[in-house]
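Listing of model05.cif, mmCIF, C-alpha atoms
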data_coords
#
loop_
_atom_site.group_PDB
_atom_site.id
_atom_site.type_symbol
_atom_site.label_atom_id
_atom_site.label_comp_id
_atom_site.auth_asym_id
_atom_site.auth_seq_id
_atom_site.Cartn_x
_atom_site.Cartn_y
_atom_site.Cartn_z
ATOM 1 C CA MET A 1 -7.924 24.653 16.038
ATOM 2 C CA LYS A 2 -10.611 23.168 13.867
ATOM 3 C CA ILE A 3 -9.301 19.995 12.274
ATOM 4 C CA LYS A 4 -10.652 18.538 9.090
ATOM 5 C CA PHE A 5 -10.205 15.021 7.805
ATOM 6 C CA GLY A 6 -10.450 14.365 4.078
ATOM 7 C CA VAL A 7 -11.212 10.774 3.099
ATOM 8 C CA VAL A 8 -10.395 9.940 -0.507
ATOM 9 C CA VAL A 9 -12.891 7.726 -2.324
ATOM 10 C CA PHE A 10 -11.566 5.699 -5.243
ATOM 11 C CA PRO A 11 -13.771 3.397 -7.269
ATOM 12 C CA GLY A 12 -13.510 0.236 -5.181
ATOM 13 C CA SER A 13 -12.661 1.860 -1.834
ATOM 14 C CA ASN A 14 -14.624 0.096 0.893
ATOM 15 C CA CYS A 15 -13.247 1.422 4.168
ATOM 16 C CA ASP A 16 -13.948 5.054 3.329
ATOM 17 C CA HIS A 17 -17.107 5.194 5.433
ATOM 18 C CA ASP A 18 -15.356 3.596 8.400
ATOM 19 C CA ALA A 19 -12.666 6.263 8.319
ATOM 20 C CA PHE A 20 -15.257 9.015 7.881
ATOM 21 C CA TYR A 21 -17.298 7.618 10.793
ATOM 22 C CA VAL A 22 -14.276 7.656 13.084
ATOM 23 C CA ALA A 23 -13.368 11.219 12.199
ATOM 24 C CA LYS A 24 -16.863 12.619 12.344
ATOM 25 C CA LYS A 25 -18.706 10.583 14.974
ATOM 26 C CA ILE A 26 -16.034 9.236 17.271
ATOM 27 C CA LEU A 27 -13.548 12.089 17.189
ATOM 28 C CA ALA A 28 -16.211 14.738 16.506
ATOM 29 C CA LYS A 29 -14.065 16.428 13.880
ATOM 30 C CA ASP A 30 -14.930 17.897 10.550
ATOM 31 C CA ALA A 31 -14.757 15.289 7.773
ATOM 32 C CA GLU A 32 -15.428 15.219 4.068
ATOM 33 C CA PHE A 33 -15.179 12.668 1.290
ATOM 34 C CA LEU A 34 -12.824 13.554 -1.558
ATOM 35 C CA TRP A 35 -13.807 11.956 -4.856
ATOM 36 C CA HIS A 36 -10.903 10.541 -6.865
ATOM 37 C CA LYS A 37 -11.711 12.890 -9.738
ATOM 38 C CA ASP A 38 -11.583 15.958 -7.475
ATOM 39 C CA THR A 39 -8.574 18.203 -7.770
ATOM 40 C CA ASP A 40 -9.047 19.938 -4.453
ATOM 41 C CA LEU A 41 -8.423 18.612 -0.952
ATOM 42 C CA LYS A 42 -11.105 20.984 0.385
ATOM 43 C CA ASN A 43 -8.892 22.387 3.135
ATOM 44 C CA SER A 44 -8.289 19.028 4.771
ATOM 45 C CA ASP A 45 -5.654 18.964 7.499
ATOM 46 C CA VAL A 46 -5.369 15.194 7.381
ATOM 47 C CA VAL A 47 -5.882 13.113 4.251
ATOM 48 C CA ILE A 48 -6.817 9.446 4.613
ATOM 49 C CA LEU A 49 -6.386 6.991 1.755
ATOM 50 C CA PRO A 50 -8.727 4.243 2.881
ATOM 51 C CA GLY A 51 -8.707 0.495 2.438
ATOM 52 C CA GLY A 52 -10.491 -1.355 -0.319
ATOM 53 C CA PHE A 53 -9.808 -2.589 -3.802
ATOM 54 C CA SER A 54 -9.293 0.581 -5.813
ATOM 55 C CA TYR A 55 -9.740 -0.144 -9.521
ATOM 56 C CA GLY A 56 -10.309 -3.793 -8.656
ATOM 57 C CA ASP A 57 -6.627 -4.197 -7.736
ATOM 58 C CA TYR A 58 -6.078 -4.540 -11.488
ATOM 59 C CA LEU A 59 -2.505 -4.573 -12.784
ATOM 60 C CA ARG A 60 -1.009 -4.149 -9.302
ATOM 61 C CA THR A 61 -2.668 -3.001 -6.095
ATOM 62 C CA GLY A 62 -2.842 0.778 -6.083
ATOM 63 C CA ALA A 63 -1.178 1.114 -9.487
ATOM 64 C CA ILE A 64 -4.063 2.815 -11.254
ATOM 65 C CA ALA A 65 -5.441 4.743 -8.276
ATOM 66 C CA ARG A 66 -2.051 6.370 -7.999
ATOM 67 C CA PHE A 67 -2.800 8.291 -11.216
ATOM 68 C CA SER A 68 -6.229 9.544 -10.138
ATOM 69 C CA PRO A 69 -6.534 13.337 -10.409
ATOM 70 C CA ILE A 70 -6.810 13.696 -6.616
ATOM 71 C CA MET A 71 -3.467 11.959 -6.122
ATOM 72 C CA GLU A 72 -1.600 14.811 -7.746
ATOM 73 C CA LYS A 73 -2.918 17.040 -4.976
ATOM 74 C CA VAL A 74 -2.281 14.436 -2.287
ATOM 75 C CA ILE A 75 1.345 14.145 -3.420
ATOM 76 C CA GLU A 76 1.708 17.928 -3.447
ATOM 77 C CA PHE A 77 0.134 18.110 0.029
ATOM 78 C CA ALA A 78 2.424 15.374 1.369
ATOM 79 C CA GLU A 79 5.512 17.006 -0.078
ATOM 80 C CA LYS A 80 4.607 20.233 1.694
ATOM 81 C CA GLY A 81 4.401 18.374 5.008
ATOM 82 C CA GLY A 82 0.652 17.654 5.064
ATOM 83 C CA ILE A 83 -0.438 14.643 7.106
ATOM 84 C CA VAL A 84 -1.393 11.623 5.004
ATOM 85 C CA ILE A 85 -2.485 8.245 6.341
ATOM 86 C CA GLY A 86 -2.720 5.289 3.960
ATOM 87 C CA ILE A 87 -4.481 2.272 5.383
ATOM 88 C CA CYS A 88 -4.238 -1.131 3.676
ATOM 89 C CA ASN A 89 -5.043 -0.373 0.027
ATOM 90 C CA GLY A 90 -4.184 3.236 0.906
ATOM 91 C CA PHE A 91 -0.718 2.062 1.953
ATOM 92 C CA GLN A 92 -0.371 0.205 -1.353
ATOM 93 C CA ILE A 93 -1.294 3.410 -3.201
ATOM 94 C CA LEU A 94 1.301 5.407 -1.236
ATOM 95 C CA LEU A 95 3.945 2.863 -2.281
ATOM 96 C CA GLU A 96 2.931 3.085 -5.941
ATOM 97 C CA ALA A 97 2.989 6.884 -5.679
ATOM 98 C CA ASN A 98 6.511 6.717 -4.239
ATOM 99 C CA LEU A 99 5.447 8.661 -1.169
ATOM 100 C CA LEU A 100 6.732 5.669 0.769
ATOM 101 C CA PRO A 101 9.459 3.217 -0.269
ATOM 102 C CA GLY A 102 9.017 -0.468 -1.082
ATOM 103 C CA VAL A 103 6.304 -2.667 -2.560
ATOM 104 C CA MET A 104 3.654 -5.129 -1.434
ATOM 105 C CA LEU A 105 3.785 -8.717 -2.623
ATOM 106 C CA MET A 106 1.082 -11.326 -2.259
ATOM 107 C CA ASN A 107 0.916 -12.837 1.229
ATOM 108 C CA LYS A 108 3.373 -15.672 1.593
ATOM 109 C CA ASN A 109 0.579 -18.213 2.098
ATOM 110 C CA LEU A 110 -1.363 -16.781 -0.891
ATOM 111 C CA LYS A 111 -4.434 -16.295 1.296
ATOM 112 C CA PHE A 112 -6.550 -13.299 2.103
ATOM 113 C CA ILE A 113 -6.022 -12.896 5.852
ATOM 114 C CA CYS A 114 -8.668 -11.240 7.988
ATOM 115 C CA LYS A 115 -7.950 -11.308 11.730
ATOM 116 C CA ASP A 116 -6.786 -9.314 14.707
ATOM 117 C CA VAL A 117 -3.020 -9.066 15.001
ATOM 118 C CA PHE A 118 -0.681 -7.650 17.588
ATOM 119 C CA LEU A 119 1.640 -4.840 16.597
ATOM 120 C CA SER A 120 4.674 -3.657 18.406
ATOM 121 C CA VAL A 121 4.926 0.132 18.428
ATOM 122 C CA GLU A 122 8.490 0.535 17.221
ATOM 123 C CA ASN A 123 8.555 4.292 17.169
ATOM 124 C CA SER A 124 6.328 6.183 19.593
ATOM 125 C CA ASN A 125 7.957 9.468 18.727
ATOM 126 C CA THR A 126 5.859 10.206 15.628
ATOM 127 C CA ILE A 127 2.828 12.395 15.063
ATOM 128 C CA PHE A 128 0.847 9.179 14.586
ATOM 129 C CA THR A 129 1.949 7.315 17.693
ATOM 130 C CA SER A 130 2.849 9.830 20.395
ATOM 131 C CA GLU A 131 -0.413 9.222 22.261
ATOM 132 C CA ILE A 132 -0.219 5.421 22.100
ATOM 133 C CA ASN A 133 0.400 4.488 25.694
ATOM 134 C CA LYS A 134 1.214 0.813 25.191
ATOM 135 C CA LYS A 135 4.039 -1.131 23.641
ATOM 136 C CA VAL A 136 1.680 -3.582 21.918
ATOM 137 C CA VAL A 137 -1.619 -2.761 20.227
ATOM 138 C CA LYS A 138 -4.250 -5.064 18.785
ATOM 139 C CA ILE A 139 -5.523 -3.996 15.365
ATOM 140 C CA PRO A 140 -7.182 -6.085 12.640
ATOM 141 C CA ILE A 141 -5.698 -6.831 9.228
ATOM 142 C CA ALA A 142 -7.669 -7.750 6.093
ATOM 143 C CA HIS A 143 -5.543 -8.164 2.993
ATOM 144 C CA ALA A 144 -4.104 -10.531 0.405
ATOM 145 C CA GLU A 145 -1.144 -8.365 -0.563
ATOM 146 C CA GLY A 146 0.518 -7.120 2.563
ATOM 147 C CA ASN A 147 3.851 -8.857 2.238
ATOM 148 C CA TYR A 148 6.161 -5.854 2.485
ATOM 149 C CA PHE A 149 9.280 -6.045 0.358
ATOM 150 C CA ALA A 150 12.124 -3.600 -0.226
ATOM 151 C CA GLU A 151 15.757 -3.816 -1.220
ATOM 152 C CA ASP A 152 18.308 -4.086 1.561
ATOM 153 C CA SER A 153 19.450 -0.502 1.094
ATOM 154 C CA ILE A 154 15.874 0.728 1.629
ATOM 155 C CA LEU A 155 15.454 -1.452 4.702
ATOM 156 C CA ASP A 156 18.717 -0.096 6.098
ATOM 157 C CA ASP A 157 17.425 3.431 5.562
ATOM 158 C CA LEU A 158 14.113 2.644 7.246
ATOM 159 C CA VAL A 159 15.929 1.321 10.282
ATOM 160 C CA LYS A 160 18.485 4.108 10.370
ATOM 161 C CA ASN A 161 15.837 6.835 10.188
ATOM 162 C CA ASN A 162 13.432 5.170 12.616
ATOM 163 C CA GLN A 163 10.803 4.941 9.885
ATOM 164 C CA ILE A 164 9.424 1.567 10.922
ATOM 165 C CA VAL A 165 6.447 2.376 13.103
ATOM 166 C CA PHE A 166 4.675 -0.964 13.547
ATOM 167 C CA LYS A 167 5.876 -4.569 13.410
ATOM 168 C CA TYR A 168 3.790 -7.734 13.658
ATOM 169 C CA CYS A 169 4.419 -9.418 17.004
ATOM 170 C CA SER A 170 2.946 -11.633 19.720
ATOM 171 C CA SER A 171 0.739 -10.324 22.522
ATOM 172 C CA LYS A 172 3.944 -10.193 24.546
ATOM 173 C CA CYS A 173 5.775 -8.103 21.981
ATOM 174 C CA GLU A 174 7.850 -10.931 20.547
ATOM 175 C CA VAL A 175 8.712 -9.947 16.978
ATOM 176 C CA SER A 176 9.534 -13.123 15.055
ATOM 177 C CA GLU A 177 8.636 -15.119 11.960
ATOM 178 C CA LYS A 178 6.128 -17.072 14.039
ATOM 179 C CA PHE A 179 4.031 -13.931 14.437
ATOM 180 C CA ASN A 180 4.460 -12.672 10.897
ATOM 181 C CA PRO A 181 1.091 -13.186 9.184
ATOM 182 C CA ASN A 182 2.052 -12.372 5.607
ATOM 183 C CA GLY A 183 5.808 -12.742 5.100
ATOM 184 C CA SER A 184 6.678 -9.032 5.369
ATOM 185 C CA LEU A 185 10.389 -8.359 5.614
ATOM 186 C CA MET A 186 11.364 -7.568 9.201
ATOM 187 C CA ASN A 187 7.687 -8.109 10.190
ATOM 188 C CA ILE A 188 6.946 -4.619 8.891
ATOM 189 C CA ALA A 189 3.296 -3.578 9.297
ATOM 190 C CA GLY A 190 3.603 0.198 9.045
ATOM 191 C CA ILE A 191 6.177 2.811 8.051
ATOM 192 C CA ILE A 192 6.489 6.567 7.776
ATOM 193 C CA ASN A 193 8.369 8.709 5.282
ATOM 194 C CA LYS A 194 11.598 10.442 6.204
ATOM 195 C CA ASN A 195 9.826 13.664 7.114
ATOM 196 C CA GLY A 196 7.416 11.795 9.345
ATOM 197 C CA ASN A 197 4.208 13.228 7.883
ATOM 198 C CA VAL A 198 3.122 10.243 5.747
ATOM 199 C CA LEU A 199 2.102 6.949 7.367
ATOM 200 C CA GLY A 200 1.306 3.718 5.568
ATOM 201 C CA MET A 201 0.032 0.701 7.468
ATOM 202 C CA MET A 202 -1.630 -2.561 6.489
ATOM 203 C CA PRO A 203 -3.649 -3.002 9.727
ATOM 204 C CA HIS A 204 -6.924 -1.079 10.027
ATOM 205 C CA PRO A 205 -6.948 1.365 12.978
ATOM 206 C CA GLU A 206 -10.310 2.751 11.808
ATOM 207 C CA ARG A 207 -11.877 -0.644 12.503
ATOM 208 C CA CYS A 208 -11.049 -0.518 16.200
ATOM 209 C CA CYS A 209 -12.100 2.886 17.427
ATOM 210 C CA ASP A 210 -15.639 2.244 18.639
ATOM 211 C CA LEU A 211 -16.134 0.479 21.965
ATOM 212 C CA VAL A 212 -19.243 -1.151 20.510
ATOM 213 C CA LEU A 213 -16.878 -3.201 18.356
ATOM 214 C CA GLY A 214 -15.016 -4.411 21.417
ATOM 215 C CA LYS A 215 -11.649 -2.794 20.785
ATOM 216 C CA THR A 216 -10.357 0.744 20.619
ATOM 217 C CA ASP A 217 -6.596 0.597 20.126
ATOM 218 C CA GLY A 218 -6.908 2.374 16.776
ATOM 219 C CA LEU A 219 -8.285 5.458 18.449
ATOM 220 C CA MET A 220 -4.932 6.318 20.019
ATOM 221 C CA LEU A 221 -3.450 6.743 16.550
ATOM 222 C CA PHE A 222 -6.039 9.276 15.445
ATOM 223 C CA LYS A 223 -5.838 11.050 18.796
ATOM 224 C CA SER A 224 -2.083 11.375 18.350
ATOM 225 C CA VAL A 225 -2.598 13.097 15.017
ATOM 226 C CA ILE A 226 -5.144 15.507 16.492
ATOM 227 C CA LYS A 227 -2.976 16.283 19.503
ATOM 228 C CA ASN A 228 0.032 16.997 17.320
ATOM 229 C CA LEU A 229 -1.965 19.168 14.954
ATOM 230 C CA THR A 230 -3.361 21.276 17.773
ATOM 231 C CA LYS A 231 -0.014 21.736 19.508
ATOM 232 C CA MET B 1 -0.072 1.314 -36.380
ATOM 233 C CA TYR B 2 1.726 -1.277 -34.302
ATOM 234 C CA LYS B 3 0.531 -4.244 -32.357
ATOM 235 C CA VAL B 4 2.482 -4.405 -29.118
ATOM 236 C CA LYS B 5 3.121 -7.264 -26.777
ATOM 237 C CA VAL B 6 4.643 -6.475 -23.398
ATOM 238 C CA ILE B 7 5.940 -9.041 -20.942
ATOM 239 C CA VAL B 8 6.312 -7.857 -17.363
ATOM 240 C CA LYS B 9 8.522 -10.049 -15.221
ATOM 241 C CA ARG B 10 9.202 -9.905 -11.548
ATOM 242 C CA ARG B 11 12.960 -9.876 -10.982
ATOM 243 C CA ALA B 12 14.508 -13.245 -10.259
ATOM 244 C CA ALA B 13 15.598 -12.299 -6.745
ATOM 245 C CA ILE B 14 12.048 -11.468 -5.722
ATOM 246 C CA LEU B 15 9.746 -14.126 -4.384
ATOM 247 C CA ASP B 16 6.871 -15.131 -6.658
ATOM 248 C CA PRO B 17 4.349 -16.829 -4.344
ATOM 249 C CA GLN B 18 2.032 -17.639 -7.278
ATOM 250 C CA GLY B 19 4.790 -19.377 -9.208
ATOM 251 C CA LYS B 20 5.753 -21.288 -6.121
ATOM 252 C CA ALA B 21 2.156 -22.404 -5.549
ATOM 253 C CA ALA B 22 1.792 -23.473 -9.190
ATOM 254 C CA GLU B 23 4.922 -25.538 -8.851
ATOM 255 C CA GLN B 24 3.566 -27.247 -5.769
ATOM 256 C CA GLY B 25 0.556 -28.177 -7.912
ATOM 257 C CA ALA B 26 2.887 -29.491 -10.588
ATOM 258 C CA LYS B 27 4.527 -31.777 -8.043
ATOM 259 C CA LEU B 28 1.107 -33.089 -6.963
ATOM 260 C CA LEU B 29 0.394 -33.904 -10.605
ATOM 261 C CA GLY B 30 3.612 -35.844 -10.814
ATOM 262 C CA PHE B 31 5.626 -33.371 -12.913
ATOM 263 C CA ASN B 32 8.863 -34.003 -11.097
ATOM 264 C CA ASN B 33 11.144 -32.353 -13.652
ATOM 265 C CA ILE B 34 9.634 -28.861 -13.364
ATOM 266 C CA SER B 35 11.489 -26.122 -11.522
ATOM 267 C CA GLY B 36 11.717 -22.331 -11.398
ATOM 268 C CA THR B 37 8.065 -21.593 -12.256
ATOM 269 C CA ARG B 38 7.422 -17.842 -12.442
ATOM 270 C CA ILE B 39 4.087 -16.229 -13.266
ATOM 271 C CA ASN B 40 4.621 -13.208 -15.524
ATOM 272 C CA LYS B 41 2.191 -10.819 -17.193
ATOM 273 C CA VAL B 42 1.567 -10.532 -20.919
ATOM 274 C CA ILE B 43 -0.106 -7.280 -21.962
ATOM 275 C CA GLU B 44 -1.193 -6.582 -25.542
ATOM 276 C CA PHE B 45 -2.360 -3.348 -27.153
ATOM 277 C CA PHE B 46 -2.127 -1.184 -30.274
ATOM 278 C CA VAL B 47 -0.237 2.064 -30.737
ATOM 279 C CA ASN B 48 -1.804 4.250 -33.349
ATOM 280 C CA VAL B 49 1.438 5.847 -34.518
ATOM 281 C CA ASP B 50 3.155 5.246 -37.857
ATOM 282 C CA ASP B 51 6.688 6.189 -36.903
ATOM 283 C CA LYS B 52 8.282 3.191 -35.195
ATOM 284 C CA LYS B 53 10.598 5.276 -33.031
ATOM 285 C CA LEU B 54 7.732 7.377 -31.712
ATOM 286 C CA ALA B 55 5.634 4.277 -31.142
ATOM 287 C CA GLU B 56 8.438 2.675 -29.195
ATOM 288 C CA LYS B 57 8.932 5.768 -27.086
ATOM 289 C CA GLU B 58 5.277 5.732 -26.091
ATOM 290 C CA VAL B 59 5.323 2.013 -25.319
ATOM 291 C CA LYS B 60 8.383 2.395 -23.152
ATOM 292 C CA GLU B 61 6.844 5.257 -21.184
ATOM 293 C CA TYR B 62 3.614 3.308 -20.713
ATOM 294 C CA CYS B 63 5.624 0.360 -19.383
ATOM 295 C CA GLU B 64 7.738 2.486 -17.084
ATOM 296 C CA LYS B 65 4.954 4.636 -15.681
ATOM 297 C CA LEU B 66 2.137 2.182 -15.306
ATOM 298 C CA LEU B 67 2.457 -1.368 -16.606
ATOM 299 C CA SER B 68 5.478 -2.283 -14.511
ATOM 300 C CA ASN B 69 6.713 -1.363 -11.075
ATOM 301 C CA PRO B 70 10.392 -0.493 -11.547
ATOM 302 C CA ASN B 71 11.104 -1.454 -7.941
ATOM 303 C CA ILE B 72 10.506 -5.148 -8.538
ATOM 304 C CA GLU B 73 9.731 -5.741 -12.200
ATOM 305 C CA ASP B 74 11.444 -5.626 -15.594
ATOM 306 C CA PHE B 75 9.676 -5.487 -18.931
ATOM 307 C CA GLU B 76 10.340 -6.381 -22.544
ATOM 308 C CA TYR B 77 8.205 -5.659 -25.579
ATOM 309 C CA THR B 78 7.807 -6.404 -29.262
ATOM 310 C CA LEU B 79 6.225 -4.207 -31.944
ATOM 311 C CA GLU B 80 4.596 -5.676 -34.986
ATOM 312 C CA GLU B 81 3.439 -3.430 -37.826
ATOM 313 C CA THR B 82 -0.240 -3.807 -38.562
ATOM 314 C CA LYS B 83 -3.021 -2.044 -40.485
#
Let me see the file written as structure tokens.
Amino acid sequence: MKIKFGVVVFPGSNCDHDAFYVAKKILAKDAEFLWHKDTDLKNSDVVILPGGFSYGDYLRTGAIARFSPIMEKVIEFAEKGGIVIGICNGFQILLEANLLPGVMLMNKNLKFICKDVFLSVENSNTIFTSEINKKVVKIPIAHAEGNYFAEDSILDDLVKNNQIVFKYCSSKCEVSEKFNPNGSLMNIAGIINKNGNVLGMMPHPERCCDLVLGKTDGLMLFKSVIKNLTK
Amino acid sequence: MYKVKVIVKRRAAILDPQGKAAEQGAKLLGFNNISGTRINKVIEFFVNVDDKKLAEKEVKEYCEKLLSNPNIEDFEYTLEETK
């Protein structure tokens, strides 16, 4: 099966080319940019909402991007079971669009944090993680608003439905406040929707797919998606 | 036409790191009586509608759909008739 990645470009996206590069050059798949004013996903099988500062993060992160014309189609696609990956700002947009529950607050220490972090793979039975063959992966974060917050009832649901995919942890898989970079509730770094076809994560898997960059843990995520699509 | 002022407030139960940081600054400045600092948003605009009820309806929708995030924020607004 020929798989096509669609990478949405909002004004202010800045990880769009990284995602495109991974799809096209590393994974050797078809890839196309989708402009925020487009109203057509151009037959994409996987839609990526990339990182960046869409609309300058004005009002709230992702709040304005969420109403871009393309988002109507992305929401429709997601509701029909299409695979959507929101990375960093993309995750924030998915939250604003109510495709995923919760909100992002400013990091607890009020700083923009840019560093490699360890993530515990909490659910390896998803289309995004089935090919990840380790319990802990190392993926970089780069954000100021990644402090995940949700009401208790939402958190209960996330736990009950196994929707928490990644948690911040130590290199030895210790999940605790000590290894929580931004104050996220339950150390949450990535979640999926109930149907399991929409993933939002603050860490950047697209930034660790090329051996030249010294780390490739992100690649397993994209390979999982491809494997599950071609099944 | 109405001049509108909207205040968007994060709910009390939700952490406001900016307010907390400002209050730390206040302590450094020696303002020892200050507590509960919260940073809210004030948004101002005009609604070009003469009927107050219709104007209010539009303001409310604007607040609900875009200006506030109903998951963590509440809003209040005032309308002032203007030419």
Any chance you could work out the residue set of the PyMOL selection byres ((chain B) within 9 of (chain A)) here, as a PyMOL selection string?
chain B and resi 14-18+21+41+66-69+71-72
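Using all atoms listed in the file, the set of residues no farther than 6 Å from the position (5.1, -8.4, 4.0) comprises Gly146, Asn147, Tyr148, Asn182, Gly183, Ser184 and Leu185 of chain A.
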Counting only C-alpha atoms, which residues sit no farther than 12 Å from the position (4.2, 5.0, -24.2) in the file's frame? I'd like them as a list in words.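 All residues meeting the 12 Å criterion around (4.2, 5.0, -24.2) are Val4, Val6, Phe45, Phe46, Val47, Asn48, Val49, Lys52, Lys53, Leu54, Ala55, Glu56, Lys57, Glu58, Val59, Lys60, Glu61, Tyr62, Cys63, Glu64, Lys65, Leu66, Leu67 and Tyr77 of chain B.
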Which residues are near Thr61 of chain A? Cut-off 8 Å, only C-alpha atoms, ignore same chain within fewer than 4 positions. Put them as a PDB file with C-alpha atoms, in the coordinates of the input.
ATOM      1  CA  PHE A  53      -9.808  -2.589  -3.802  1.00  0.00           C
ATOM      2  CA  SER A  54      -9.293   0.581  -5.813  1.00  0.00           C
ATOM      3  CA  ASP A  57      -6.627  -4.197  -7.736  1.00  0.00           C
ATOM      4  CA  ASN A  89      -5.043  -0.373   0.027  1.00  0.00           C
ATOM      5  CA  GLN A  92      -0.371   0.205  -1.353  1.00  0.00           C
ATOM      6  CA  ILE A  93      -1.294   3.410  -3.201  1.00  0.00           C
ATOM      7  CA  GLU A 145      -1.144  -8.365  -0.563  1.00  0.00           C
TER       8      GLU A 145
END
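Remark: for Glu76 of chain A, the closest of the candidate residues A:Val225, A:Val47, A:Gly90, A:Ser176 is A:Val47 (distances computed over all atoms listed in the file).
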Expand the PyMOL selection byres ((chain B and resi 43) around 6) into the individual residues it matches in the shown file, reporting them as a PyMOL selection string. chain B and resi 5-6+42+44
- Leaving out segment 214-219 of chain A and any residue of its chain fewer than 6 positions from it, which residues lie within 8 Å of it when counting only C-alpha atoms, given as a ChimeraX atom specification? /A:137-139,204-208
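Atom CA of Lys24 of chain A lies 25.6 Å from atom CA of Cys114 of chain A.
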Using all atoms listed in the file, the shortest atom-to-atom distance to Met201 of chain A among A:Ser153, A:Gln163, A:Thr230, A:Ser130 belongs to A:Gln163
For the structure provided, state which residues fall under the PyMOL selection byres ((chain A and resi 223) around 12), and present them as a PDB file with C-alpha atoms, keeping the file's coordinate frame.
ATOM      1  CA  ILE A   3      -9.301  19.995  12.274  1.00  0.00           C
ATOM      2  CA  VAL A  22     -14.276   7.656  13.084  1.00  0.00           C
ATOM      3  CA  ALA A  23     -13.368  11.219  12.199  1.00  0.00           C
ATOM      4  CA  ILE A  26     -16.034   9.236  17.271  1.00  0.00           C
ATOM      5  CA  LEU A  27     -13.548  12.089  17.189  1.00  0.00           C
ATOM      6  CA  ALA A  28     -16.211  14.738  16.506  1.00  0.00           C
ATOM      7  CA  LYS A  29     -14.065  16.428  13.880  1.00  0.00           C
ATOM      8  CA  ILE A 127       2.828  12.395  15.063  1.00  0.00           C
ATOM      9  CA  PHE A 128       0.847   9.179  14.586  1.00  0.00           C
ATOM     10  CA  THR A 129       1.949   7.315  17.693  1.00  0.00           C
ATOM     11  CA  SER A 130       2.849   9.830  20.395  1.00  0.00           C
ATOM     12  CA  GLU A 131      -0.413   9.222  22.261  1.00  0.00           C
ATOM     13  CA  ILE A 132      -0.219   5.421  22.100  1.00  0.00           C
ATOM     14  CA  ASN A 133       0.400   4.488  25.694  1.00  0.00           C
ATOM     15  CA  PRO A 205      -6.948   1.365  12.978  1.00  0.00           C
ATOM     16  CA  GLU A 206     -10.310   2.751  11.808  1.00  0.00           C
ATOM     17  CA  CYS A 209     -12.100   2.886  17.427  1.00  0.00           C
ATOM     18  CA  THR A 216     -10.357   0.744  20.619  1.00  0.00           C
ATOM     19  CA  ASP A 217      -6.596   0.597  20.126  1.00  0.00           C
ATOM     20  CA  GLY A 218      -6.908   2.374  16.776  1.00  0.00           C
ATOM     21  CA  LEU A 219      -8.285   5.458  18.449  1.00  0.00           C
ATOM     22  CA  MET A 220      -4.932   6.318  20.019  1.00  0.00           C
ATOM     23  CA  LEU A 221      -3.450   6.743  16.550  1.00  0.00           C
ATOM     24  CA  PHE A 222      -6.039   9.276  15.445  1.00  0.00           C
ATOM     25  CA  SER A 224      -2.083  11.375  18.350  1.00  0.00           C
ATOM     26  CA  VAL A 225      -2.598  13.097  15.017  1.00  0.00           C
ATOM     27  CA  ILE A 226      -5.144  15.507  16.492  1.00  0.00           C
ATOM     28  CA  LYS A 227      -2.976  16.283  19.503  1.00  0.00           C
ATOM     29  CA  ASN A 228       0.032  16.997  17.320  1.00  0.00           C
ATOM     30  CA  LEU A 229      -1.965  19.168  14.954  1.00  0.00           C
ATOM     31  CA  THR A 230      -3.361  21.276  17.773  1.00  0.00           C
TER      32      THR A 230
END
Computed gap from atom CA of Ile191 of chain A to atom CA of Asn161 of chain A is 10.7 Å
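If all atoms listed in the file are the atoms counted, then among B:Ile39, B:Glu73, B:Lys83, B:Glu23 the closest residue to Arg10 of chain B is B:Glu73.
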As lines of an AutoDock Vina configuration file, what would the box around segment 23-28 of chain B look like: edges along x, y and z, 6 Å added on every side, centre and edge lengths in Å to one decimal?
center_x = 2.7
center_y = -29.3
center_z = -8.2
size_x = 16.4
size_y = 19.6
size_z = 16.8
(request) Would you mind reading off the distance between atom CA of Val165 of chain A and atom CA of Ala19 of chain A, one decimal, in Å? (result)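 Computing it gives 20.1 Å between the two atoms.
Of the listed residues B:Met1, B:Ile34, B:Leu29, B:Val8, the one whose atoms come nearest to Leu79 of chain B is B:Met1, with distances taken using all atoms listed in the file.
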